[in-house]
Amino acid sequence: MLTEIPILSLLIWVPLIGGFLVLFGPGDKQLVWSQRISFVISILIIFLSGWLLFLFDGSSGQMELVEFARWIPSLNINYSLGVDGIAVPLIVLTCFINLLVVIAAIGSIKFRRAQYFSATLVLTGLMNGVFVAQDAILFYVFWEAILIPMFLMIGVWGGANRIYATIKFFLFTFFGSIFMLVALIYMGSVIGSFNIADMQQMPLSMLEQTLIFTAFVAAFAVKIPMVPVHTWLPDAHVEAPTGGSVILAAIMLKMGGYGFLRFALPVTPDAASEYAWLLILFSLIAIAYIGFVALAQEDMKKLIAYSSIAHMGFVTLGTFIIFNLSSLDASSMALQGAMIQMISHGLISGAMFFSIGVLYDRVHSRNISDYGGVINSMPIFGALMMLFVLANAGLPGTSGFIGEFFVILSSFQADWRIALIAGTTLVLGAAYSLWLYKRVIFGKPLNDSIERLEDINIREKFILFSLAALIIALGIYPQPLIEIMQPSLEALLQLTDTKIAELNIEVAR
Amino acid sequence: MVMQIFATSPKILNSVSHDFWPLLPEIFLLTAASVLLLIDAFSTDMDRKLSYKLAQFILLVTGVILLFQFPTSQDFLYHRHFIHDPLSATLKISMLVLTSLSLMFARPYILQRRILRGEYYLLHLFALLGMMVLVSGSSLLSLYLGLELMSLCLYALVAMNRREKLSSEAAVKYFVMGAIASGFILYGISFVYGVTGQIHVADIAAYLSDNEANLTLRFALVFIVTGLAFKFGAVPFQMWVPDVYQGAPTSTTVFLASAPKVAAFGLAIRVLVFAFAGAIADWQNLLIILSVLSMVVGNLVALAQTNIKRLLAYSAIAHIGYFLLGLIAGNTQGYSASLFYILTYAITTVGAFGCLIYMAKGQQEISQIDDLKGLGQRNPWAGLLVSFLFLSMAGLPPFVGFWAKLEVIKAVLNVDGLIWLALVAAFMSIIGLFYYLRVVKVIFFDKAKNEARIRAERSLRLGLGITSIAVIALGLFPTQLLDFCQKAFQYI
């Protein structure tokens with residue numbers, strides 16, 4: 001009985017419709033109304049995602065909780081949903097972050113708050129849509145539609161240079177995605193179906209694969225973002241309101257990693273293995289070079305933005321190192337590392353941006369030089385931020401360690417030089433994170449206003465403590481997460497391997 | 001025209017006398033419009049409220065008739081000058097809806113300015129009649145007749161605001177350009193007739209299936225395609241578009257930018273597909289050039305515009321480039337993609353120009369992009385709906401423009417060797433996105449100069465609501481319209 005309820009559809013449509021309901025508050029009470037409605041809906045989808053975890057079996061590695069409805073029969077585009085072990089953790093993360101963003105907004109958004117809630121909820125619904133869509137065009141619809149609320153979020157509630165940042169963000173992402181659309185339409189019209197599973201089974205020649213893979217990389221590399229198409233991210237992060245930054249860093253970047261796993265590997269494995277070296281190279285540049293760039297930042301948000309790029313480098317490294325690995329176990333470990341890194345970075349970068357938001361709401365500056373000695377007036381906050389900073393640096397015992405460790409370990413099996421360069425993050429990450437912490441939190445209070453800062457209030461406590469708890473929990477005991485993902489990742493690897501073998505046989509003939 | 005045929009050949013009259021049914025919408029529209037002309041002449045009401053209501057009523061009745069006699073087969077009637085098929089009915093119904101929407105937007109606009117009122121509605125009706133004849137034309141003569149009836153009414157509509165300098169300039173430009181285009185088409189037709197000795201599209205097609213297209217016929221084809229390109233406003237025949245869109249009263253631009261494009265599509269299908277299907281390779285190449293140039297020039301020049309009407313004009317040029325992709329594909333799937341594109345584009349553009357009327361206050365005009373500043377602040381809902389229109393033009397999901405773009409890209413991808421065209425289209429839509437985003441930016445992110453709420457007439461709110469909700473509803477559920485477009489081509 002319970003399993004018949006379309007839980008995946010609910011995860012999309014409850015926040016989406018809720019997002020519009022928020023706007024229809026009765027005239028004078030609109031603010032209270034919007035606050036309540038969005039809070040209730042956020043709680044509701046947390047329950048839904050918990051229920052999803054409960055219903056999800058995950059031992060088969062196949063799509064579960066599948067929903068199907070005809071949408072556009074003439075093009076054979078369907079409303080087809082399903083989740084596997086790769087999507088479930090990301091959905092749970094999305095629903096969780098949504099609640100935190102809504103709570104944070106109550107304190108920090110000063111104008112057009114109802115519309116802000118609306119944008120947040122709509123974003124959450126669409127992001128859930130990206131993770132559950134099993135039809136390529138449906139996926140693309142969600143993927144692109146996300147840009148609109150994010151565009152408005154940065155543009156309306158952002159900082160001084162918000163318009164430049166938001167248009168840059170939109171154009172960069174659209175630039176990548178439109179070619180993916182062409183690739184998807186091409187595949188869809190060849191096989192007459194836009195089902196992602198059908199595309200994964202589709203035999204493609206090397207030339208086709210190369211072109212399609214290029215399109216995928218254009219779309220996902222921009223989103224993740226990889227060097228050299230990362231330049232939109234620092235701008236967008238710096239200008240976005242706290243909630244926007246958190247959603248961007250915690251979830252939207254993950255859509256790129258998810259896309260690589262869902263599309264690039266299984267659909268075009270040969271091209272992926274052919275060009276894996278290039279993507280590994282870019283990942284290493286992201287990890288090492290961007291680490292240095294982060295070190296040089298004067299703006300807190302920019303620093304975290306660059307550190308995000310460096311951390312997402314591990315996701316791409318883990319994804320593409322599998323082609324240099326011979327054993328299935330090692331490959332599986334690399335992918336696990338990439339996935340854990342995604343979830344963990346979602347929590348840590350979310351926490352970092354919330355922390356910066358806490359400071360910004362009080363001091364109204366993002367410059368590191370405007371701070372100093374915050375610990376004197378905000379001890380609880382200082383302690384929590386210590387944890388986040390250490391997690392960002394990859395301290396064992398926090399979730400940040402597990403992902404990086406897995407990826408470095410498996411890349412060691414491929415080539416020790418790759419592992420060596422990837423390992424620089426342990427030094428660089430610690431350097432820029434701790435130095436940031438030292439400059440902002442420690443020392444003598446810079447001036448009177450810093451000395452008079454109030455420590456975090458109940459809402460902020462809730463946000464930061466819950467994130468801290470998850471970061472530690474995942475760092476100490478990541479097994480449940482691994483168990484959810486394991487079968488799906490292995491199924492994915494097998495699919496990739498068989499397809500590579502098939503093309504090899506064909507070429508040999 | 002039809003009457004003449006009947007008068008001169010009584011024998012035919014007998015054989016078809018029972019068969020006025022297919023022509024009933026045109027007959028009714030003509031009669032009713034003439035009656036309205038009389039009523040209007042004796043009307044003393046300066047506002048011409050009655051004329052407006054009657055005009056909308058006539059459109060409604062014509063629409064009902066069209067729905068009742070929606071054809072299920074393809075018939076050539078009245079000496080084969082008239083074709084009665086699902087395509088013509090589809091186009092007629094769409095043009096009717098677009099005309100009705102345009103009138104909705106036009107009414108408050110011309111009331112506030114001293115533009116002749118009664119005639120304004122009548123010219124819309126007669127233009128619509130011309131378009132209906134045009135899309136049902138199955139001989140080069142009836143096609144040309146419909147085209148001219150439509151064009152003459154449009155020239156007059158552009159010139160309606162005769163006190164305005166820009167408007168008169170636009171009218172002269174439009175008239176001269178339009179006349180040249182008609183001349184081109186007519187010249188081409190004369191060549192076709194000279195070579196084949198036929199004026200019926202079916203006969204020309206039969207001739208082409210027996211004979212190779214010789215040089216003269218190709219020459220004729222170039223002339224006809226050139227004329228079509230003028231009417232569509234495809235590069236390099238686009239010069240008139242920005243000036244006319246800008247100079248014409250906005251209420252006329254609403255109409256000009258929508259229904260006539262659909263009619264021109266009908267003309268293109270009748271000539272290129274019905275008559276010149278045998279010479280597809282020739283016109284395909286011509287259209288590829290037009291399409292690429294339109295996409296590139298339209299999008300790039302639009303970037304530099306500060307005037308919102310000119311921006312929309314260049315965007316129209318770019319959209320014609322995308323729309324041509326479907327025709328280039330040269331199969332029914334492509335044609336229906338083009339039809340879908342032009343219909344959805346027409347609805348969107350009606351809404352976009354309608355928004356300029358919505359915001360115009362009194363005699364004041366909305367002409368600069370900056371005049372839209374703060375719409376999202378003044379009327380959040382209106383701001384949101386208008387952004388839907390612009391985002392749909394940019395081809396973003398979940399709006400209908402996305403499906404239109406998907407359909408035409410799919411159509412060219414299915415043709416071997418045209419993948420590069422799909423990539424050009426994809427690339428140019430990135431550039432297009434930028435200027436649409438700029439409009440959305442102005443609406444939502446910039447501070448309003450005047451923070452007063454906009455109080456617009458009911459018909460404007462209704463029109464804007466219908467178009468933008470259509471854009472989102474069709475974006476979420478495009479199936480019906482897609483099927484409708486596909487069924488239109490089931491007999492080709």
# chains A, B, ... in the order shown; residues from 1 in each chain; ligands from 1
>>> interface_residues(of="chain A", to="chain B", cutoff="9 Å", atoms="only C-alpha atoms", output="ChimeraX atom specification")
/A:71-75,140-145,148,152,155-157,163,167,170-171,174-175,178-179,181-182,185-186,188-190
>>> residues_around(residues="B:Val415", least_positions_apart="5", cutoff="10 Å", atoms="only C-alpha atoms", output="PyMOL selection string")
chain B and resi 328-331+334+410
>>> select_by_dssp(residues="stretch 174-283 of chain A", states="helix (DSSP H, G or I)", output="ChimeraX atom specification")
/A:174-191,196-201,206-223,232-239,242-267,269-274,276-283
>>> residues_around(residues="A:Trp33", least_positions_apart="5", cutoff="9 Å", atoms="only C-alpha atoms", output="compact mmCIF listing (two decimals) with C-alpha atoms, in the first residue's frame")
# COMPACT_ATOMS: atom_id res chain seq x y z
CA VAL A 22 4.02 30.73 -0.83
CA LEU A 23 3.32 33.66 -3.14
CA PHE A 24 -0.42 33.52 -2.61
CA GLY A 25 -0.45 34.69 0.97
CA PRO A 26 -3.36 36.88 2.09
CA SER A 38 7.72 27.14 3.38
CA ALA A 114 8.14 35.45 0.24
>>> residues_around(residues="A:Ala136", least_positions_apart="2", cutoff="12 Å", atoms="only C-alpha atoms", output="PyMOL selection string")
chain A and resi 76-81+129-134+138-143+180-189+193-200+259+262-263+267
>>> write_last_selection(atoms="C-alpha atoms", output="mmCIF file, in the first residue's frame")
data_model
loop_
_atom_site.group_PDB
_atom_site.id
_atom_site.type_symbol
_atom_site.label_atom_id
_atom_site.label_comp_id
_atom_site.auth_asym_id
_atom_site.auth_seq_id
_atom_site.Cartn_x
_atom_site.Cartn_y
_atom_site.Cartn_z
ATOM 1 C CA ASN A 76 8.405 9.293 -27.197
ATOM 2 C CA ILE A 77 9.325 11.537 -24.308
ATOM 3 C CA ASN A 78 7.973 10.233 -21.052
ATOM 4 C CA TYR A 79 7.573 11.266 -17.498
ATOM 5 C CA SER A 80 9.695 8.470 -16.186
ATOM 6 C CA LEU A 81 11.248 8.568 -12.739
ATOM 7 C CA GLY A 129 13.719 16.338 -10.515
ATOM 8 C CA VAL A 130 17.224 16.243 -11.960
ATOM 9 C CA PHE A 131 18.200 13.385 -9.676
ATOM 10 C CA VAL A 132 15.133 11.233 -10.294
ATOM 11 C CA ALA A 133 14.453 11.830 -14.001
ATOM 12 C CA GLN A 134 15.002 8.718 -16.086
ATOM 13 C CA LEU A 138 12.824 15.309 -18.699
ATOM 14 C CA PHE A 139 16.253 15.455 -17.105
ATOM 15 C CA TYR A 140 17.203 18.304 -19.386
ATOM 16 C CA VAL A 141 14.009 20.201 -18.603
ATOM 17 C CA PHE A 142 14.770 20.107 -14.895
ATOM 18 C CA TRP A 143 18.446 20.764 -15.495
ATOM 19 C CA MET A 180 24.259 18.340 -24.462
ATOM 20 C CA LEU A 181 20.705 18.911 -25.649
ATOM 21 C CA VAL A 182 21.809 18.467 -29.246
ATOM 22 C CA ALA A 183 23.602 15.257 -28.274
ATOM 23 C CA LEU A 184 20.563 13.966 -26.414
ATOM 24 C CA ILE A 185 18.242 14.751 -29.309
ATOM 25 C CA TYR A 186 20.645 13.042 -31.668
ATOM 26 C CA MET A 187 20.731 9.863 -29.620
ATOM 27 C CA GLY A 188 17.019 10.027 -29.010
ATOM 28 C CA SER A 189 16.197 10.250 -32.661
ATOM 29 C CA SER A 193 13.593 6.687 -27.275
ATOM 30 C CA PHE A 194 14.799 9.216 -24.776
ATOM 31 C CA ASN A 195 14.972 6.748 -21.948
ATOM 32 C CA ILE A 196 18.337 7.103 -20.243
ATOM 33 C CA ALA A 197 18.615 3.339 -19.790
ATOM 34 C CA ASP A 198 18.119 2.846 -23.534
ATOM 35 C CA MET A 199 20.787 5.416 -24.266
ATOM 36 C CA GLN A 200 23.165 3.589 -21.955
ATOM 37 C CA GLY A 259 25.703 13.855 -14.836
ATOM 38 C CA ARG A 262 24.682 8.935 -15.164
ATOM 39 C CA PHE A 263 25.526 9.934 -18.725
ATOM 40 C CA VAL A 267 26.708 6.231 -22.593
#
>>> residues_around(residues="stretch 107-109 of chain A", least_positions_apart="6", cutoff="12 Å", atoms="only C-alpha atoms", output="NGL selection string")
:A and (31 or 35 or 100-101 or 115-117 or 153 or 156-158 or 240-244 or 354 or 356-362 or 364 or 456-460)
>>> residues_around(residues="A:Ile321", least_positions_apart="4", cutoff="7 Å", atoms="only C-alpha atoms", output="ChimeraX atom specification")
/A:280,317,325,411
>>> write_last_selection(atoms="N, CA and C atoms", output="compact mmCIF listing (two decimals), in the first residue's frame")
# COMPACT_ATOMS: atom_id res chain seq x y z
N ILE A 280 41.55 13.92 -16.14
CA ILE A 280 42.36 13.74 -14.93
C ILE A 280 43.32 14.91 -14.79
N LEU A 317 38.30 13.52 -10.55
CA LEU A 317 39.44 12.61 -10.54
C LEU A 317 38.98 11.19 -10.24
N LEU A 325 42.43 2.02 -13.96
CA LEU A 325 42.50 0.97 -12.94
C LEU A 325 42.11 -0.35 -13.55
N SER A 411 43.77 6.29 -6.80
CA SER A 411 44.61 6.80 -7.88
C SER A 411 46.06 6.38 -7.67
>>> residues_around(residues="A:Leu436", least_positions_apart="4", cutoff="8 Å", atoms="only C-alpha atoms", output="short mmCIF file (atom, residue, chain, number, x, y, z; two decimals) with C-alpha atoms, in the first residue's frame")
data_model
loop_
_atom_site.label_atom_id
_atom_site.label_comp_id
_atom_site.auth_asym_id
_atom_site.auth_seq_id
_atom_site.Cartn_x
_atom_site.Cartn_y
_atom_site.Cartn_z
CA MET A 300 36.00 34.81 2.36
CA ILE A 368 38.98 38.79 5.58
CA TYR A 432 44.05 28.05 3.12
CA VAL A 440 39.04 35.77 10.97
#
>>> atom_distance(atom1="atom CA of B:Arg458", atom2="atom CA of B:Phe105")
9.9 Å
>>> atom_distance(atom1="atom CA of B:Ile189", atom2="atom CA of B:Leu221")
8.6 Å
>>> atom_distance(atom1="atom CA of B:Leu129", atom2="atom CA of B:Gly183")
21.2 Å
